[in-house]
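Novice: One structure, pasted below without further comment.
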Amino acid sequence: MATQHSRSAARIMMAPAVFLLLVWMLVPLCMTLWFSVRSYLPLRGGDQGFVGLENFSRFITSSAFWPAVQTTLIIVGGVLVISIVLGVLLAILLDQPMWGQGVVRILVIAPFFVMPTVTALVWKNMFMDPTNGMFAHLWRFFGADPVVWLTDASVLSIIVIVSWQWLPFATLILLTAIQSLDSEQLEAAEMDGANPVARFFFIALPHLSRAITIVILIQTIFVLAVFAEIFVTTGGAFGTRTLTYLIYQRVLESQNVGLGSAGGVYAIILANIVAIFLMRIVGKNLDN
Amino acid sequence: MGHITLKQVTKSFGEVQVIPPLDLEINDGEFVVFVGPSGCGKSTLLRLIAGLEDVSSGEITIDGRAATEVPPAKRGLAMVFQSYALYPHMTVRKNIAFPLRMAKLDIAEQNKRVEAAAKVLNLTDYLDRRPGQLSGGQRQRVAIGRAIVREPAAFLFDEPLSNLDAALRVNMRLEISELHQTLDTTMIYVTHDQVEAMTMADKIVVLHAGVIEQVGSPLELYHEPRNKFVAGFIGSPKMNFVEGEEAVKLNAKCIGIRPEHIGVSLESGDWKGTVGVSEHLGSDTFLRIKMPGVQEHMTVRVGGEFGARHGDTVYLTPDRSKLHRFDAQGLRIA
């Protein structure tokens, strides 16, 4: 099939998609880079010309910058830990033969299909509301004072909400990985005198390491850009302002497109640093 | 040590009974081979002995101790799996040391035993590699090494050579036999290959549909098969079966004669047939001969070279003293 003719035909047919993707990515990237070196205040005089790297230095020296980076990393880290630990446990649980396995698996995946905004609203109003939320009722049932989640434990709340959303994804990937574990290996370990805990740590977990790195890689990229969950719940208050949210505030709340664009460039750099680290780890794991 | 007794052992998966009540005695130091066509329950039987499957009823005793309820790790048996089941993320050294590590032996002792096993199996140069970097035969040896270090009462092999190529299989067969001589430990070996069974076993257990058809030494099975199934399964090429007139003449439903017990002549003989295919191996010639009264064709082995071609008429003379007669139930008439 791979004749000269069919190959060029394939290229022509792929061209629109490639073109669209390139435009889709390159135009916003170029615009971000362009605006980041200009002073652009839409409501206060519009584009006021080239300012060099001033936006970059202002963004990084602002008192909100480092706390935002810290919050971002805490949220990403927290979500990763929760979704991987629980994901591994859930995957092992779902791998056990049981009645209604198919239905249960679909139910477990369900949260992934709920839109982030809806997820955040459900959690905010149904679970974390200090007067009518499920948690408030639970706390009162035991005679405790309800926790005002989104104010007193705001970062934790965000982590819980985002984890709930990403746990199904982690579970799904880890479940398929667990299913590919050779049962003879487990039996061999059993014959070798390994108890269930030892079998988990010496056989199952190493087998899962590749799937775990893939989950880490994909989730990091997506969780770095979490926005709707914060917008709907805390609006960036109470120490939940991530880098993404800070950029949003600079552009829309302060109406400073130039400053926000500079922040966007920092976000790209941060994401790339994380990605390079992860790629190395993944690469190492994939080598084995 | 390694005396294993099975008493009225059965195994059912749901409604299906794969092993009807079965008795078997395996003596200390014996090399026992379970052989049978695929799906005959030989692997299940091995897994029952290993403890990887629970028996549905009956008793298993190992060295006089009841082992039916004992978990696999405590039975003192080591198993070599068909896929070798090596741990891919561990080096050869760690693979072999794994059972010792699980038994919490001290490091010095672990190393000593691993080195000793590696020396026996010629693995010393490969101790720091991972299973993925080894050839099939080397992986096989690592799997055996992992079994040896535990110093088990008996070794269980589940079709260990089926993933190797023909030449390597012959080599490993010899190595396992030699290992048995050196260690002098009971070995139970499952295979569907009757050549492996014949060459390695002290005692062969022929299984068919979960039932033991016959137990005996290789030559016993060859010379005195209990029934038609064993007669057809043991020996290569297969025994020829003749039914009808020739069989009735000898008061049997069916007579069996091995390819190597038939004389061939171009001039005269008891039976007349035409050559279908002749296979020239140099040392032997195998003739497939079409003959009235034989459903498929007769296979005949002639030593050396034999100049017969497709379509030639030949005369066959069976060695009467080597003829086997079977009754209507397929049992051999002594």
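Ordered as shown in the structure tokens, chains take letters A, B, and onward, while each chain numbers its residues from 1 and ligands are numbered from 1 in the order shown.
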Tell me, counting only C-alpha atoms, for each residue of chain A within 7 Å of chain B, which pair of atoms is nearest and how far apart they are in Å to one decimal, in rows ordered by chain and increasing number, as a tab-separated table.
Specialist:
residue	atom	partner	partner_atom	distance
A:Glu184	CA	B:Ala85	CA	5.5
A:Gln185	CA	B:Ala85	CA	4.6
A:Ala188	CA	B:Ala85	CA	6.4
A:Glu190	CA	B:Ala73	CA	6.2
A:Met191	CA	B:Ala73	CA	4.6
A:Asp192	CA	B:Pro99	CA	4.5
A:Gly193	CA	B:Ala73	CA	4.6
A:Ala194	CA	B:Met102	CA	5.7
A:Pro206	CA	B:His89	CA	6.8
Novice: Leaving out range 283-289 of chain B and any residue of its chain fewer than 3 positions from it, which residues lie within 7 Å of it when counting only C-alpha atoms, given as a list in words?
Specialist: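 Selected residues are Gly273, Thr274, Val275, Gly276, Val277, Ser278, Glu279, His280, His297, Met298, Thr299, Val300, Arg301, Val302, Gly303, Gly304, Glu305 and Phe306 of chain B.
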Novice: Write to file, as a compact mmCIF listing (two decimals), in the first residue's frame, the residues of the selection just made, with C-alpha atoms.
Specialist:
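What follows is the written file out.txt:
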# COMPACT_ATOMS: atom_id res chain seq x y z
CA GLY B 273 -0.50 -52.96 0.55
CA THR B 274 0.61 -50.01 -1.54
CA VAL B 275 3.09 -47.37 -0.47
CA GLY B 276 1.57 -43.92 0.06
CA VAL B 277 4.42 -41.81 1.35
CA SER B 278 7.91 -42.85 2.25
CA GLU B 279 9.98 -40.69 4.57
CA HIS B 280 13.73 -41.18 4.31
CA HIS B 297 -2.67 -46.23 6.85
CA MET B 298 -0.06 -48.49 8.32
CA THR B 299 3.16 -46.88 9.41
CA VAL B 300 6.14 -49.14 9.05
CA ARG B 301 9.69 -48.51 10.14
CA VAL B 302 12.50 -50.06 8.18
CA GLY B 303 16.06 -49.75 9.38
CA GLY B 304 18.40 -48.01 6.96
CA GLU B 305 17.36 -47.21 3.44
CA PHE B 306 14.55 -48.91 1.62
Novice: Rank nothing, just name the residue among B:Pro160, B:Phe34, B:Arg309, B:Leu6 nearest to Ala66 in chain B, using only C-alpha atoms.
Specialist: B:Leu6
Novice: Find the residue from A:Ser157, A:Thr171, A:Gln101, A:Asn132 that sits nearest to Leu86 in chain A; use only C-alpha atoms when measuring.
Specialist: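 Ranking A:Ser157, A:Thr171, A:Gln101, A:Asn132 by distance to Leu86 in chain A, first place goes to A:Thr171.
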Novice: I want to know what sits within 9 Å of Ser57 in chain B, based on only C-alpha atoms, with residues of the same chain fewer than 5 positions away left out; could you give that as a count of residues only?
Specialist: 5
Novice: Check the smallest atom-to-atom distance from each of B:Leu123, B:Val18, B:Val142, B:Val92 to Gly41 in chain B using only C-alpha atoms, then report the winner.
Specialist: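 Ranking B:Leu123, B:Val18, B:Val142, B:Val92 by distance to Gly41 in chain B, first place goes to B:Val18.
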Novice: So which residues of range 83-228 of chain A fall under alpha helix (DSSP H) by DSSP, listed as a PyMOL selection string?
Specialist: chain A and resi 83-95+101-109+116-122+134-141+149-152+154-179+183-191+196-199+205-223+228
Novice: Out of range 160-332 of chain B, which residues get strand (DSSP E) from DSSP, as a PyMOL selection string?
Specialist: chain B and resi 186-191+203-208+211-216+240-243+254-257+262-265+271-280+284-290+298-303+313-318+324-326+332
